[in-house]
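Engineer: Okay, so here is protein38.pdb, and as you'll see once you scroll down, it has PDB, C-alpha atoms, pLDDT in the B column.
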ATOM      1  CA  MET S1088     104.161 197.743 127.528  1.00 39.00           C
ATOM      2  CA  ALA S1089     104.489 194.226 126.147  1.00 42.00           C
ATOM      3  CA  ALA S1090     102.313 191.501 127.615  1.00 42.00           C
ATOM      4  CA  LYS S1091     104.101 188.961 129.770  1.00 45.00           C
ATOM      5  CA  GLN S1092     104.223 185.470 128.302  1.00 48.00           C
ATOM      6  CA  LYS S1093     103.151 182.452 130.333  1.00 54.00           C
ATOM      7  CA  TRP S1094     104.235 178.843 130.222  1.00 60.00           C
ATOM      8  CA  ASN S1095     103.834 175.756 132.349  1.00 70.00           C
ATOM      9  CA  VAL S1096     106.229 174.238 134.857  1.00 81.00           C
ATOM     10  CA  LEU S1097     105.233 170.827 136.116  1.00 85.00           C
ATOM     11  CA  ILE S1098     105.933 170.280 139.812  1.00 88.00           C
ATOM     12  CA  LYS S1099     105.783 166.950 141.616  1.00 89.00           C
ATOM     13  CA  GLU S1100     105.917 166.878 145.412  1.00 89.00           C
ATOM     14  CA  GLU S1101     106.405 163.626 147.248  1.00 89.00           C
ATOM     15  CA  GLU S1102     106.585 163.239 151.014  1.00 87.00           C
ATOM     16  CA  ILE S1103     109.321 160.803 151.995  1.00 85.00           C
ATOM     17  CA  LYS S1104     110.288 159.332 155.354  1.00 82.00           C
ATOM     18  CA  ASN S1105     112.674 162.102 156.388  1.00 85.00           C
ATOM     19  CA  GLY S1106     111.327 165.042 154.360  1.00 89.00           C
ATOM     20  CA  HIS S1107     110.046 166.074 150.962  1.00 92.00           C
ATOM     21  CA  ASN S1108     111.146 165.597 147.364  1.00 92.00           C
ATOM     22  CA  VAL S1109     110.007 168.344 144.982  1.00 92.00           C
ATOM     23  CA  SER S1110     110.712 168.028 141.254  1.00 91.00           C
ATOM     24  CA  PHE S1111     110.451 171.028 138.916  1.00 89.00           C
ATOM     25  CA  LEU S1112     110.199 170.071 135.236  1.00 88.00           C
ATOM     26  CA  PHE S1113     111.050 172.906 132.846  1.00 84.00           C
ATOM     27  CA  PRO S1114     110.414 172.458 129.107  1.00 84.00           C
ATOM     28  CA  ALA S1115     113.740 173.247 127.410  1.00 79.00           C
ATOM     29  CA  HIS S1116     112.047 175.294 124.663  1.00 75.00           C
ATOM     30  CA  ASP S1117     110.621 177.646 127.325  1.00 72.00           C
ATOM     31  CA  LEU S1118     114.084 178.212 128.783  1.00 71.00           C
ATOM     32  CA  VAL S1119     115.501 178.882 125.312  1.00 69.00           C
ATOM     33  CA  ALA S1120     112.733 181.465 124.743  1.00 69.00           C
ATOM     34  CA  VAL S1121     113.743 183.426 127.872  1.00 68.00           C
ATOM     35  CA  GLN S1122     117.463 182.998 127.358  1.00 73.00           C
ATOM     36  CA  SER S1123     119.610 185.211 129.620  1.00 72.00           C
ATOM     37  CA  ARG S1124     116.600 186.374 131.660  1.00 78.00           C
ATOM     38  CA  PRO S1125     115.617 184.981 135.074  1.00 82.00           C
ATOM     39  CA  PHE S1126     113.037 182.198 135.200  1.00 80.00           C
ATOM     40  CA  MET S1127     111.677 182.058 138.745  1.00 85.00           C
ATOM     41  CA  VAL S1128     109.401 179.670 140.654  1.00 88.00           C
ATOM     42  CA  ASN S1129     108.250 180.197 144.252  1.00 91.00           C
ATOM     43  CA  TYR S1130     107.149 177.069 146.071  1.00 91.00           C
ATOM     44  CA  ASP S1131     105.769 176.266 149.541  1.00 92.00           C
ATOM     45  CA  ILE S1132     106.193 172.882 151.191  1.00 91.00           C
ATOM     46  CA  TYR S1133     103.280 172.392 153.567  1.00 88.00           C
ATOM     47  CA  CYS S1134     104.996 170.116 156.060  1.00 86.00           C
ATOM     48  CA  GLY S1135     103.030 169.443 159.257  1.00 83.00           C
ATOM     49  CA  SER S1136     106.153 169.886 161.396  1.00 84.00           C
ATOM     50  CA  LEU S1137     108.248 172.503 159.614  1.00 86.00           C
ATOM     51  CA  PRO S1138     106.681 174.189 156.583  1.00 88.00           C
ATOM     52  CA  THR S1139     109.242 175.843 154.328  1.00 91.00           C
ATOM     53  CA  SER S1140     109.151 178.182 151.330  1.00 92.00           C
ATOM     54  CA  TRP S1141     111.612 178.290 148.470  1.00 93.00           C
ATOM     55  CA  ALA S1142     112.483 180.472 145.483  1.00 93.00           C
ATOM     56  CA  LEU S1143     114.274 178.819 142.569  1.00 90.00           C
ATOM     57  CA  THR S1144     115.697 181.063 139.864  1.00 90.00           C
ATOM     58  CA  LEU S1145     117.281 179.725 136.668  1.00 86.00           C
ATOM     59  CA  ILE S1146     119.111 181.628 133.958  1.00 86.00           C
ATOM     60  CA  TYR S1147     119.619 179.620 130.778  1.00 83.00           C
ATOM     61  CA  LYS S1148     122.237 180.728 128.238  1.00 84.00           C
ATOM     62  CA  HIS S1149     122.900 179.077 124.914  1.00 78.00           C
ATOM     63  CA  LYS S1150     126.650 178.796 124.325  1.00 75.00           C
ATOM     64  CA  GLY S1151     128.491 179.429 121.060  1.00 68.00           C
ATOM     65  CA  GLU S1152     128.914 175.732 120.289  1.00 67.00           C
ATOM     66  CA  PRO S1153     125.908 173.863 118.867  1.00 62.00           C
ATOM     67  CA  TYR S1154     123.881 172.132 121.575  1.00 68.00           C
ATOM     68  CA  GLU S1155     125.849 173.645 124.473  1.00 78.00           C
ATOM     69  CA  PHE S1156     124.239 175.673 127.261  1.00 82.00           C
ATOM     70  CA  SER S1157     124.932 176.978 130.733  1.00 85.00           C
ATOM     71  CA  LEU S1158     122.519 177.186 133.611  1.00 85.00           C
ATOM     72  CA  SER S1159     122.943 179.556 136.542  1.00 88.00           C
ATOM     73  CA  PHE S1160     120.714 178.864 139.499  1.00 88.00           C
ATOM     74  CA  THR S1161     119.826 180.424 142.813  1.00 92.00           C
ATOM     75  CA  LEU S1162     117.969 178.574 145.552  1.00 93.00           C
ATOM     76  CA  THR S1163     116.673 180.684 148.434  1.00 93.00           C
ATOM     77  CA  ARG S1164     114.847 179.583 151.554  1.00 92.00           C
ATOM     78  CA  THR S1165     112.159 182.268 151.851  1.00 93.00           C
ATOM     79  CA  ASP S1166     109.862 181.220 154.717  1.00 90.00           C
ATOM     80  CA  ARG S1167     109.505 183.596 157.647  1.00 83.00           C
ATOM     81  CA  ARG S1168     110.105 181.865 160.918  1.00 76.00           C
ATOM     82  CA  ASN S1169     111.249 183.335 164.206  1.00 69.00           C
ATOM     83  CA  ASP S1170     113.364 180.303 165.047  1.00 67.00           C
ATOM     84  CA  PHE S1171     116.587 179.181 163.435  1.00 67.00           C
ATOM     85  CA  LEU S1172     115.612 175.641 162.496  1.00 75.00           C
ATOM     86  CA  ASN S1173     117.704 174.258 159.672  1.00 84.00           C
ATOM     87  CA  VAL S1174     116.721 171.746 157.054  1.00 88.00           C
ATOM     88  CA  TYR S1175     119.086 169.871 154.802  1.00 88.00           C
ATOM     89  CA  ALA S1176     118.615 170.770 151.133  1.00 91.00           C
ATOM     90  CA  ILE S1177     119.911 168.838 148.156  1.00 90.00           C
ATOM     91  CA  ALA S1178     119.334 170.123 144.612  1.00 90.00           C
ATOM     92  CA  LEU S1179     119.953 167.959 141.551  1.00 90.00           C
ATOM     93  CA  LEU S1180     119.822 168.680 137.806  1.00 89.00           C
ATOM     94  CA  SER S1181     118.652 166.014 135.355  1.00 89.00           C
ATOM     95  CA  CYS S1182     118.376 166.313 131.575  1.00 86.00           C
ATOM     96  CA  LEU S1183     115.436 164.341 130.160  1.00 89.00           C
ATOM     97  CA  ASP S1184     114.424 163.445 126.610  1.00 87.00           C
ATOM     98  CA  ALA S1185     110.940 163.815 125.104  1.00 86.00           C
ATOM     99  CA  ASN S1186     109.836 160.600 126.884  1.00 88.00           C
ATOM    100  CA  ASN S1187     111.104 161.836 130.286  1.00 84.00           C
ATOM    101  CA  ARG S1188     114.025 159.407 130.223  1.00 88.00           C
ATOM    102  CA  LEU S1189     117.392 160.440 131.633  1.00 88.00           C
ATOM    103  CA  VAL S1190     119.742 161.590 128.849  1.00 85.00           C
ATOM    104  CA  ARG S1191     122.882 161.944 131.018  1.00 78.00           C
ATOM    105  CA  PHE S1192     123.901 161.392 134.611  1.00 79.00           C
ATOM    106  CA  THR S1193     122.164 163.585 137.187  1.00 84.00           C
ATOM    107  CA  GLN S1194     124.371 166.397 138.547  1.00 85.00           C
ATOM    108  CA  ASP S1195     124.503 167.632 142.140  1.00 85.00           C
ATOM    109  CA  ILE S1196     124.027 171.397 142.135  1.00 83.00           C
ATOM    110  CA  CYS S1197     123.972 171.971 145.898  1.00 82.00           C
ATOM    111  CA  GLU S1198     123.914 170.095 149.165  1.00 86.00           C
ATOM    112  CA  LYS S1199     123.859 171.956 152.485  1.00 87.00           C
ATOM    113  CA  ARG S1200     122.008 172.836 155.663  1.00 89.00           C
ATOM    114  CA  MET S1201     119.797 175.866 155.080  1.00 90.00           C
ATOM    115  CA  ALA S1202     118.220 178.233 157.571  1.00 88.00           C
ATOM    116  CA  VAL S1203     115.638 180.906 156.791  1.00 90.00           C
ATOM    117  CA  GLY S1204     117.133 183.428 154.361  1.00 90.00           C
ATOM    118  CA  ASP S1205     120.016 181.225 153.213  1.00 91.00           C
ATOM    119  CA  VAL S1206     120.908 181.400 149.530  1.00 93.00           C
ATOM    120  CA  VAL S1207     122.830 178.918 147.389  1.00 91.00           C
ATOM    121  CA  GLN S1208     124.085 179.834 143.943  1.00 90.00           C
ATOM    122  CA  GLY S1209     125.663 177.651 141.321  1.00 86.00           C
ATOM    123  CA  TYR S1210     126.494 177.166 137.683  1.00 86.00           C
ATOM    124  CA  VAL S1211     126.566 174.150 135.365  1.00 85.00           C
ATOM    125  CA  GLU S1212     127.458 173.683 131.708  1.00 83.00           C
ATOM    126  CA  GLU S1213     125.738 170.977 129.720  1.00 78.00           C
ATOM    127  CA  SER S1214     125.009 169.710 126.227  1.00 76.00           C
ATOM    128  CA  SER S1215     121.441 170.186 125.034  1.00 71.00           C
ATOM    129  CA  SER S1216     121.526 167.432 122.412  1.00 74.00           C
ATOM    130  CA  LEU S1217     118.373 165.319 122.907  1.00 77.00           C
ATOM    131  CA  VAL S1218     117.311 167.389 125.937  1.00 82.00           C
ATOM    132  CA  SER S1219     113.590 168.229 126.013  1.00 83.00           C
ATOM    133  CA  VAL S1220     113.102 168.813 129.745  1.00 86.00           C
ATOM    134  CA  LEU S1221     115.349 170.105 132.507  1.00 86.00           C
ATOM    135  CA  LYS S1222     114.411 168.623 135.856  1.00 89.00           C
ATOM    136  CA  VAL S1223     115.539 170.280 139.068  1.00 89.00           C
ATOM    137  CA  SER S1224     114.926 168.094 142.106  1.00 91.00           C
ATOM    138  CA  LEU S1225     114.870 169.666 145.561  1.00 92.00           C
ATOM    139  CA  LEU S1226     115.139 167.243 148.470  1.00 90.00           C
ATOM    140  CA  VAL S1227     114.333 168.890 151.797  1.00 91.00           C
ATOM    141  CA  GLN S1228     115.292 166.601 154.644  1.00 89.00           C
ATOM    142  CA  PHE S1229     115.043 166.528 158.441  1.00 85.00           C
ATOM    143  CA  CYS S1230     111.992 168.797 158.581  1.00 82.00           C
ATOM    144  CA  HIS S1231     109.790 166.377 160.516  1.00 71.00           C
ATOM    145  CA  ASP S1232     110.016 163.585 163.022  1.00 59.00           C
ATOM    146  CA  THR S1233     110.288 160.262 161.177  1.00 43.00           C
ATOM    147  CA  LYS S1234     108.991 158.048 163.980  1.00 48.00           C
ATOM    148  CA  ASP S1235     105.365 159.164 163.398  1.00 47.00           C
ATOM    149  CA  PHE S1236     105.579 159.326 159.593  1.00 42.00           C
ATOM    150  CA  ASP S1237     102.667 157.715 157.746  1.00 46.00           C
ATOM    151  CA  PRO S1238     102.941 158.141 153.955  1.00 43.00           C
ATOM    152  CA  ASP S1239      99.388 156.834 153.473  1.00 47.00           C
ATOM    153  CA  ALA S1240      98.017 159.652 155.634  1.00 45.00           C
ATOM    154  CA  SER S1241      99.981 162.338 153.799  1.00 43.00           C
ATOM    155  CA  LEU S1242      97.993 164.575 151.472  1.00 40.00           C
ATOM    156  CA  SER S1243     101.089 165.773 149.635  1.00 43.00           C
ATOM    157  CA  SER S1244     102.439 162.344 148.654  1.00 43.00           C
ATOM    158  CA  HIS S1245     102.796 161.955 144.899  1.00 43.00           C
ATOM    159  CA  VAL S1246     100.947 165.133 143.993  1.00 45.00           C
ATOM    160  CA  TRP S1247     101.482 166.673 140.563  1.00 44.00           C
ATOM    161  CA  LYS S1248     100.921 170.406 140.345  1.00 46.00           C
ATOM    162  CA  GLU S1249     100.924 172.480 137.207  1.00 43.00           C
ATOM    163  CA  VAL S1250     102.144 176.002 137.757  1.00 44.00           C
ATOM    164  CA  ARG S1251     101.740 178.958 135.416  1.00 43.00           C
ATOM    165  CA  CYS S1252     104.848 181.116 135.517  1.00 43.00           C
ATOM    166  CA  LEU S1253     105.264 184.630 134.216  1.00 40.00           C
ATOM    167  CA  LYS S1254     108.116 185.549 131.956  1.00 40.00           C
ATOM    168  CA  MET S1255     110.251 188.138 133.750  1.00 37.00           C
TER     169      MET S1255
END
Give the structure from this file in structure tokens form.
Structural biologist:
Amino acid sequence: MAAKQKWNVLIKEEEIKNGHNVSFLFPAHDLVAVQSRPFMVNYDIYCGSLPTSWALTLIYKHKGEPYEFSLSFTLTRTDRRNDFLNVYAIALLSCLDANNRLVRFTQDICEKRMAVGDVVQGYVEESSSLVSVLKVSLLVQFCHDTKDFDPDASLSSHVWKEVRCLKM
């Protein structure tokens, strides 16, 4: 049995007034290496009011044309709660160059209310010219009461996490 390869995904979580902003930064060369196979990250948002868990799966496929690729994605809310509290989830795709500067306009890949177990799937086509990093931003909103929000007291504000992912 072949050994599973590992690579790094950089994750930034920031607590904002009405929720959380989580950015997943995927090196493009890692996605090319696992072309057509799922690349999955599980992530927990430790919100004091409504903690949530998420699974993000990407499938990168290089297209026939030079520098063209497609990206299929699945976002699943995976926490196990007995209530039916919804949060509002927005997912965005940004293509960054080697200096983490935006190469093209950011694309909306989903925007909806999500309860436990909800799944959103989507597909985008893009040009990979100058793209070094794919950034998927997940904004989870309306998970806590904003009247008592204190960003200075938040432990999760502006935290960078490096995650080791296994090749599937």
Engineer: Out of S:Cys1182, S:Ala1142, S:Leu1221, S:Leu1226, which residue has the shortest atom-to-atom distance to Val1206 in chain S when counting all atoms listed in the file?
Structural biologist: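 The closest residue to Val1206 in chain S is S:Ala1142.
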Engineer: So, counting only C-alpha atoms, which residue among S:Asp1117, S:Glu1102, S:Glu1213, S:Asp1205 is closest to Leu1158 in chain S?
Structural biologist: S:Glu1213
Engineer: Figure out the distance between CA of Cys1134 in chain S and CA of Leu1172 in chain S, please, to one decimal in Å.
Structural biologist: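 CA of Leu1172 in chain S sits 13.6 Å away from CA of Cys1134 in chain S.
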Engineer: Have a look at CA of Leu1179 in chain S and CA of Thr1139 in chain S and let me know their distance in Å, one decimal.
Structural biologist: 18.4 Å
Engineer: Near Trp1141 in chain S, within 12 Å and counting all atoms listed in the file, which residues show up once chain neighbours fewer than 6 positions away are dropped, as a ChimeraX atom specification?
Structural biologist: /S:1109,1127-1133,1161-1167,1174,1176,1178,1201-1207,1225-1227
Engineer: Give the answer as one residue: which of S:Gln1208, S:Gln1228, S:Val1223, S:Arg1191 has the shortest atom-to-atom distance to Lys1099 in chain S, using only C-alpha atoms?
Structural biologist: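 Of S:Gln1208, S:Gln1228, S:Val1223, S:Arg1191, the one nearest Lys1099 in chain S is S:Val1223, counting only C-alpha atoms.
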Engineer: Enter the distance from CA of Asn1095 in chain S to CA of Asp1195 in chain S, in Å, rounded to one decimal.
Structural biologist: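 Computed distance, CA of Asn1095 in chain S to CA of Asp1195 in chain S, equals 24.3 Å.
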